[in-house]
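A short worksheet on the structure shown next.
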Amino acid sequence: MTTNLADYPLLAQINSPKDLRNIAQEQLPRISNELRNYLLNSVSKSSGHFASGLGTIELTVALHYVYNTPFDHLIWDVGHQAYPHKILTGRRDQLHTIRQKNGLHPFPWREESEYDTLSVGHSSTSISAALGLAVAAEKEGHNRKTVAVIGDGAMTAGMAFEALNHAGDIRKDMLVILNDNEMSISENVGALNNHLAKMLSGSLYTGLREGSKRILNNLPPIKELASRAEEHLKGMVVPSTFFEELGFNYIGPIDGHDVNGLVETIKNMRNLKGPQLLHIATKKGKGYHAAEQDPIKYHAVPKFNPSDANLPKSKPALPTYSQIFGDWLCKMATVDKDLVAITPAMREGSGMVEFSQRFPEQYYDVAIAEQHAVTYAAGLAIGGQNPVVAIYSSFLQRGYDQLIHDVAIQNLPVLFAVDRAGIVGADGATHQGSFDLSFLRCIPNMTIMAPANERECQLMLNTGHKLSSPAVVRYPRGNGTGEALPSINDTIEIGKGRAILQGKAQVGNKIALLNFGTMLGEATKAATALEATLVDMRFIKPLDTQLIDEIAASHDFIVTIEDNAIAGGAGSGVNEYILAQGKAIKVLNIGIPDQFVKHGTQEEVHQELQLDSSGIIAKVNKFIS
């Protein structure tokens, strides 16, 4: 894709932030407009994260204008909003490749650019990392500055507050920018408040305040009175003194779309000592009306026509596993009034919109707080409710201690609906669901199931929901296969697999494929070509050991197939059992190798890792020869 840079005369001159800093400040509004139009033009042609980046245009320009990046460290939380940052840091002409195989990474990524200080993808890590960098910068002694940009959504996670608490305690020089694009604070944003923010961040006010604090320190009653007066004064123009209680100097909220106002305020704050917090108000999707009106819908977009108010509708497809789960949730809630569903801020992604509307008293969005979500479910279970935690595989990693300590040890009936398991695709290494079978399989009291299709998925959800112990149903991103759905009362026997194909190979060359999960379609093609036996194992824990015994007695080779890391995964469970029984049979494990999986479509990644039918056939033939 080629973009005509003649349409962006100022942006065309910026190949690095150094070029930006050589441009006169009065040109920054024009640069911001060009950057916004470039982002709109590029992402509409290539797809990608969209609304968040539109909201941080002016902030990105101001930060790179004021700070000496990459010497000064700039950290973007999560990174959905970092497309403008990529454009200004030498990656403008590659932006159309973002989220594509061998293209730009969807998030800030250290391997990609020296301007990407921290590789990110999961929420609420920026302040912790920035504090570490600030401590290192102080020890280095070269006056290196540190800035973290965190959204109000990411500020809902406990980790952000742990970092704020520590930063306020050790008082290192750093700036945290709270990019607030949801709270209703428009009445605080305007010329008066921007003027006051500049004044509050200026050296005169800071000097007066610090000086008066020192003078009044030894006079407790007057100090207390002065402190209350200061809080009252600031309370007229800021929402609260919460961040000051944590030890931060709080400035704002100011207009996050006034680039010159941002530059002036950030310039003032750059040289203040100790931890600083600048609160800015922005609008997600700023400058593109449809995205402003519906930032959730425009969070990540396919290719679209900017002149059309509607995103293109994808061709009618089979329902996704997320939709299948949401459908099950609604059906089960009509018969089980004690069912409660919990999500850590992933209502849309996990297919829970309809459920949240129809059963608001049984629905809990706990914000970006995976640890809390798991222990909250434990409390609900102890209280006699039937909790279902809907969570992405890569986000469940964040609640691992709670899963062991608060659910599994106490053997509580919590059902985990683990979405985005296996290869996820374009979001890359931070979002691939490569490890859930490995980290779940070793935990006692767990029942772990992997459906091959949507019918199996609902059967397993029914089964797990009725258990009086912890259960996991893990399913991928993507669509079902068109299977008819079961009744809400139908269940399957715990720990029992099912035979799919009977092999026809000769004695001495008898192969059995043991499939775990939705790779069954590719495994079926491979089994047919290899004339192999095919079994859908269904359960990772407990394993169907009777079925493994029968196969080991009648076959020469066993091949396990899973969309999970080979290390510690379902195949490892088969290996452990066979070794423990002293069985002499050759076993090949096919799955995700011992590496972090880069971004690309699911199909491209499966092909590259030889997890498609032709790759399975090639691996099996190589193994048996």
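Chain labels follow the order of the structure tokens: the first chain is A, the next B, and so on; residue numbering restarts at 1 in every chain, and ligands are counted from 1 in their shown order.
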Residues near stretch 57-61 of chain A, cut-off 8 Å, only C-alpha atoms, skip fewer than 3 positions along chain, as a list in words:
Leu28, Pro29, Ser32, Leu35, Arg36, Gly53, Leu54, His64, Tyr65, Pro84, His85, Gly256, His257, Asp258, Val259 and Leu262 of chain A
Skipping near chain neighbours, those fewer than 2 positions away, what residues fall within 12 Å of A:Gln94 using only C-alpha atoms, listed as a PDB file with N, CA and C atoms, in the first residue's frame?
ATOM      1  N   MET A   1       0.845  -1.192   0.000  1.00  0.00           N
ATOM      2  CA  MET A   1       0.000   0.000   0.000  1.00  0.00           C
ATOM      3  C   MET A   1       0.879   1.241   0.000  1.00  0.00           C
ATOM      4  N   THR A   2       0.616   2.153  -0.899  1.00  0.00           N
ATOM      5  CA  THR A   2       1.392   3.388  -0.934  1.00  0.00           C
ATOM      6  C   THR A   2       0.518   4.548  -0.491  1.00  0.00           C
ATOM      7  N   THR A   3       1.100   5.446   0.288  1.00  0.00           N
ATOM      8  CA  THR A   3       0.403   6.650   0.741  1.00  0.00           C
ATOM      9  C   THR A   3       1.123   7.842   0.136  1.00  0.00           C
ATOM     10  N   ASN A  15      11.031  11.941  10.142  1.00  0.00           N
ATOM     11  CA  ASN A  15      11.464  10.544  10.123  1.00  0.00           C
ATOM     12  C   ASN A  15      11.930  10.069  11.488  1.00  0.00           C
ATOM     13  N   LEU A  39      -3.193   8.528  10.113  1.00  0.00           N
ATOM     14  CA  LEU A  39      -3.614   7.334  10.850  1.00  0.00           C
ATOM     15  C   LEU A  39      -4.937   6.811  10.301  1.00  0.00           C
ATOM     16  N   SER A  42      -4.337   5.270   6.817  1.00  0.00           N
ATOM     17  CA  SER A  42      -3.564   4.031   6.825  1.00  0.00           C
ATOM     18  C   SER A  42      -4.350   2.864   7.427  1.00  0.00           C
ATOM     19  N   VAL A  43      -4.922   3.060   8.623  1.00  0.00           N
ATOM     20  CA  VAL A  43      -5.603   1.950   9.304  1.00  0.00           C
ATOM     21  C   VAL A  43      -6.868   1.536   8.547  1.00  0.00           C
ATOM     22  N   SER A  46      -5.664  -0.910   6.065  1.00  0.00           N
ATOM     23  CA  SER A  46      -4.921  -2.108   6.475  1.00  0.00           C
ATOM     24  C   SER A  46      -5.547  -2.866   7.642  1.00  0.00           C
ATOM     25  N   TYR A  83      -0.011   3.737  17.929  1.00  0.00           N
ATOM     26  CA  TYR A  83       0.210   3.865  16.489  1.00  0.00           C
ATOM     27  C   TYR A  83       0.800   5.226  16.120  1.00  0.00           C
ATOM     28  N   LYS A  86       4.404   5.164  16.755  1.00  0.00           N
ATOM     29  CA  LYS A  86       5.158   4.413  15.743  1.00  0.00           C
ATOM     30  C   LYS A  86       5.383   5.270  14.497  1.00  0.00           C
ATOM     31  N   ILE A  87       4.355   6.046  14.125  1.00  0.00           N
ATOM     32  CA  ILE A  87       4.472   6.898  12.925  1.00  0.00           C
ATOM     33  C   ILE A  87       5.585   7.929  13.103  1.00  0.00           C
ATOM     34  N   LEU A  88       5.674   8.519  14.295  1.00  0.00           N
ATOM     35  CA  LEU A  88       6.666   9.584  14.538  1.00  0.00           C
ATOM     36  C   LEU A  88       8.076   9.044  14.799  1.00  0.00           C
ATOM     37  N   THR A  89       8.195   7.737  15.033  1.00  0.00           N
ATOM     38  CA  THR A  89       9.507   7.186  15.397  1.00  0.00           C
ATOM     39  C   THR A  89      10.086   6.303  14.298  1.00  0.00           C
ATOM     40  N   GLY A  90       9.922   6.745  13.026  1.00  0.00           N
ATOM     41  CA  GLY A  90      10.607   6.083  11.918  1.00  0.00           C
ATOM     42  C   GLY A  90       9.867   4.932  11.286  1.00  0.00           C
ATOM     43  N   ARG A  91       8.614   4.690  11.682  1.00  0.00           N
ATOM     44  CA  ARG A  91       7.881   3.540  11.144  1.00  0.00           C
ATOM     45  C   ARG A  91       6.653   3.964  10.349  1.00  0.00           C
ATOM     46  N   ARG A  92       6.621   5.220   9.977  1.00  0.00           N
ATOM     47  CA  ARG A  92       5.484   5.775   9.236  1.00  0.00           C
ATOM     48  C   ARG A  92       5.177   4.968   7.978  1.00  0.00           C
ATOM     49  N   HIS A  96       1.244   0.400   7.365  1.00  0.00           N
ATOM     50  CA  HIS A  96       0.237  -0.437   6.696  1.00  0.00           C
ATOM     51  C   HIS A  96       0.477  -1.929   6.912  1.00  0.00           C
ATOM     52  N   THR A  97       1.657  -2.307   7.449  1.00  0.00           N
ATOM     53  CA  THR A  97       1.949  -3.736   7.685  1.00  0.00           C
ATOM     54  C   THR A  97       1.602  -4.168   9.100  1.00  0.00           C
ATOM     55  N   ILE A  98       1.072  -3.264   9.909  1.00  0.00           N
ATOM     56  CA  ILE A  98       0.885  -3.555  11.333  1.00  0.00           C
ATOM     57  C   ILE A  98      -0.064  -4.736  11.540  1.00  0.00           C
ATOM     58  N   ARG A  99       0.297  -5.623  12.473  1.00  0.00           N
ATOM     59  CA  ARG A  99      -0.465  -6.816  12.860  1.00  0.00           C
ATOM     60  C   ARG A  99      -0.438  -7.904  11.783  1.00  0.00           C
ATOM     61  N   GLN A 100       0.363  -7.702  10.724  1.00  0.00           N
ATOM     62  CA  GLN A 100       0.456  -8.715   9.676  1.00  0.00           C
ATOM     63  C   GLN A 100       1.776  -9.487   9.833  1.00  0.00           C
ATOM     64  N   ASN A 102       5.264 -10.754   9.649  1.00  0.00           N
ATOM     65  CA  ASN A 102       6.519 -10.074   9.285  1.00  0.00           C
ATOM     66  C   ASN A 102       6.362  -8.553   9.188  1.00  0.00           C
ATOM     67  N   GLY A 103       5.195  -8.024   9.602  1.00  0.00           N
ATOM     68  CA  GLY A 103       4.985  -6.578   9.604  1.00  0.00           C
ATOM     69  C   GLY A 103       5.244  -5.997  10.983  1.00  0.00           C
ATOM     70  N   LEU A 104       4.843  -4.723  11.162  1.00  0.00           N
ATOM     71  CA  LEU A 104       5.019  -4.072  12.457  1.00  0.00           C
ATOM     72  C   LEU A 104       4.216  -4.805  13.534  1.00  0.00           C
ATOM     73  N   HIS A 105       4.807  -4.830  14.728  1.00  0.00           N
ATOM     74  CA  HIS A 105       4.131  -5.451  15.867  1.00  0.00           C
ATOM     75  C   HIS A 105       2.929  -4.599  16.266  1.00  0.00           C
ATOM     76  N   PRO A 106       1.835  -5.220  16.732  1.00  0.00           N
ATOM     77  CA  PRO A 106       0.655  -4.428  17.088  1.00  0.00           C
ATOM     78  C   PRO A 106       0.849  -3.518  18.298  1.00  0.00           C
ATOM     79  N   GLU A 112      11.703  -4.084  17.969  1.00  0.00           N
ATOM     80  CA  GLU A 112      11.343  -3.352  16.760  1.00  0.00           C
ATOM     81  C   GLU A 112      11.973  -1.964  16.703  1.00  0.00           C
TER      82      GLU A 112
END
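Secondary structure of stretch 412-507 of chain A, strand (DSSP E or B) only (DSSP, backbone atoms): Leu415, Phe416, Ala417, Val418, Asp419, Gly422, Gly433, Thr447, Ile448, Met449, Ala471, Val472, Val473, Arg474, Asn479, Arg498, Ala499, Ile500 and Leu501 of chain A.
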The distance between atom CA of A:Ala529 and atom CA of A:Asn509 is 13.8 Å
I'd like the contact shell of A:Ala426 - 10 Å cut-off, only C-alpha atoms, skipping same-chain residues fewer than 3 positions apart - returned as a PDB file with C-alpha atoms, in the first residue's frame.
ATOM      1  CA  GLY A  48      -5.842  -2.492  13.231  1.00  0.00           C
ATOM      2  CA  ILE A  98       0.885  -3.555  11.333  1.00  0.00           C
ATOM      3  CA  ARG A  99      -0.465  -6.816  12.860  1.00  0.00           C
ATOM      4  CA  GLN A 100       0.456  -8.715   9.676  1.00  0.00           C
ATOM      5  CA  LYS A 101       2.984 -11.543   9.444  1.00  0.00           C
ATOM      6  CA  HIS A 105       4.131  -5.451  15.867  1.00  0.00           C
ATOM      7  CA  PRO A 106       0.655  -4.428  17.088  1.00  0.00           C
ATOM      8  CA  ILE A 423      -2.981 -19.526  18.562  1.00  0.00           C
ATOM      9  CA  ALA A 429       3.156 -13.107  21.638  1.00  0.00           C
ATOM     10  CA  HIS A 431      -2.012 -12.658  23.495  1.00  0.00           C
ATOM     11  CA  GLN A 432      -1.375 -16.195  22.209  1.00  0.00           C
ATOM     12  CA  LYS A 598       4.843 -13.886  16.702  1.00  0.00           C
ATOM     13  CA  HIS A 599       1.854 -12.202  15.079  1.00  0.00           C
ATOM     14  CA  GLY A 600       0.184 -13.311  11.871  1.00  0.00           C
ATOM     15  CA  THR A 601      -3.200 -14.769  10.999  1.00  0.00           C
ATOM     16  CA  GLN A 602      -4.163 -18.000  12.771  1.00  0.00           C
ATOM     17  CA  VAL A 605       0.869 -19.279  12.234  1.00  0.00           C
TER      18      VAL A 605
END
Worksheet item: DSSP says helix (DSSP H, G or I) for which residues of stretch 463-557 of chain A? Put them as a PyMOL selection string?
Response: chain A and resi 463-466+520-530+545-554
If we count only C-alpha atoms, what is near stretch 130-142 of chain A at a cut-off of 8 Å, once residues fewer than 4 positions away on the same chain are taken out, given as a list in words?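 Non-adjacent residues within range: His73, Ile75, Ser126, Thr146, Val147, Ala148, Ala163, Ala167, Lys172, Asp173 and Met174 of chain A.
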Grab the residues selected above and save them as an mmCIF file, in the first residue's frame with N, CA and C atoms.
data_model
loop_
_atom_site.group_PDB
_atom_site.id
_atom_site.type_symbol
_atom_site.label_atom_id
_atom_site.label_comp_id
_atom_site.auth_asym_id
_atom_site.auth_seq_id
_atom_site.Cartn_x
_atom_site.Cartn_y
_atom_site.Cartn_z
ATOM 1 N N HIS A 73 12.985 8.082 28.554
ATOM 2 C CA HIS A 73 12.187 6.863 28.407
ATOM 3 C C HIS A 73 10.692 7.161 28.416
ATOM 4 N N ILE A 75 6.952 5.260 28.087
ATOM 5 C CA ILE A 75 6.294 3.951 28.163
ATOM 6 C C ILE A 75 4.797 4.116 27.942
ATOM 7 N N SER A 126 2.714 -0.180 33.077
ATOM 8 C CA SER A 126 3.579 0.963 32.738
ATOM 9 C C SER A 126 4.189 1.651 33.950
ATOM 10 N N THR A 146 11.792 9.935 32.788
ATOM 11 C CA THR A 146 10.919 8.772 32.598
ATOM 12 C C THR A 146 9.455 9.196 32.621
ATOM 13 N N VAL A 147 8.700 8.735 31.606
ATOM 14 C CA VAL A 147 7.273 9.058 31.499
ATOM 15 C C VAL A 147 6.487 7.776 31.232
ATOM 16 N N ALA A 148 5.376 7.612 31.952
ATOM 17 C CA ALA A 148 4.445 6.506 31.687
ATOM 18 C C ALA A 148 3.097 7.095 31.305
ATOM 19 N N ALA A 163 1.953 0.105 42.129
ATOM 20 C CA ALA A 163 3.079 0.901 41.621
ATOM 21 C C ALA A 163 2.991 2.349 42.094
ATOM 22 N N ALA A 167 5.785 4.214 44.262
ATOM 23 C CA ALA A 167 6.407 5.416 43.704
ATOM 24 C C ALA A 167 6.263 6.598 44.662
ATOM 25 N N LYS A 172 10.856 8.972 43.578
ATOM 26 C CA LYS A 172 11.801 9.178 42.477
ATOM 27 C C LYS A 172 11.179 10.102 41.426
ATOM 28 N N ASP A 173 12.033 10.748 40.630
ATOM 29 C CA ASP A 173 11.555 11.674 39.608
ATOM 30 C C ASP A 173 10.932 10.896 38.450
ATOM 31 N N MET A 174 9.643 11.089 38.230
ATOM 32 C CA MET A 174 8.963 10.435 37.114
ATOM 33 C C MET A 174 7.641 11.149 36.872
#
Handout entry: 7 Å contact set for A:Asp180, only C-alpha atoms, chain neighbours under 4 positions out, as a list in words
Key = Gly151, Asp152, Ile280, Ala281 and Thr282 of chain A
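Ranking A:Glu522, A:Lys504, A:Asn386, A:Val176 by their shortest atom-to-atom distance to A:Leu467, with only C-alpha atoms included, puts A:Asn386 first.
Excluding A:His405 itself and same-chain residues fewer than 5 positions from it, the residues having an atom within 9 Å of it are A:Thr375, A:Tyr400, A:Gln410, counting only C-alpha atoms.
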Write out the residues from the selection above, keeping C-alpha atoms, as a PDB file, in the first residue's frame.
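Saved result, part08.pdb, follows:
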ATOM      1  CA  THR A 375     -10.948 -14.718  44.264  1.00  0.00           C
ATOM      2  CA  TYR A 400      -2.725 -17.912  38.624  1.00  0.00           C
ATOM      3  CA  GLN A 410     -10.422 -25.218  48.618  1.00  0.00           C
TER       4      GLN A 410
END
Distance criterion (only C-alpha atoms): nearest to A:Leu164 out of A:Leu178, A:Ile31, A:Ala381, A:Leu246: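 Ranked by minimum distance to A:Leu164, first place goes to A:Leu246.
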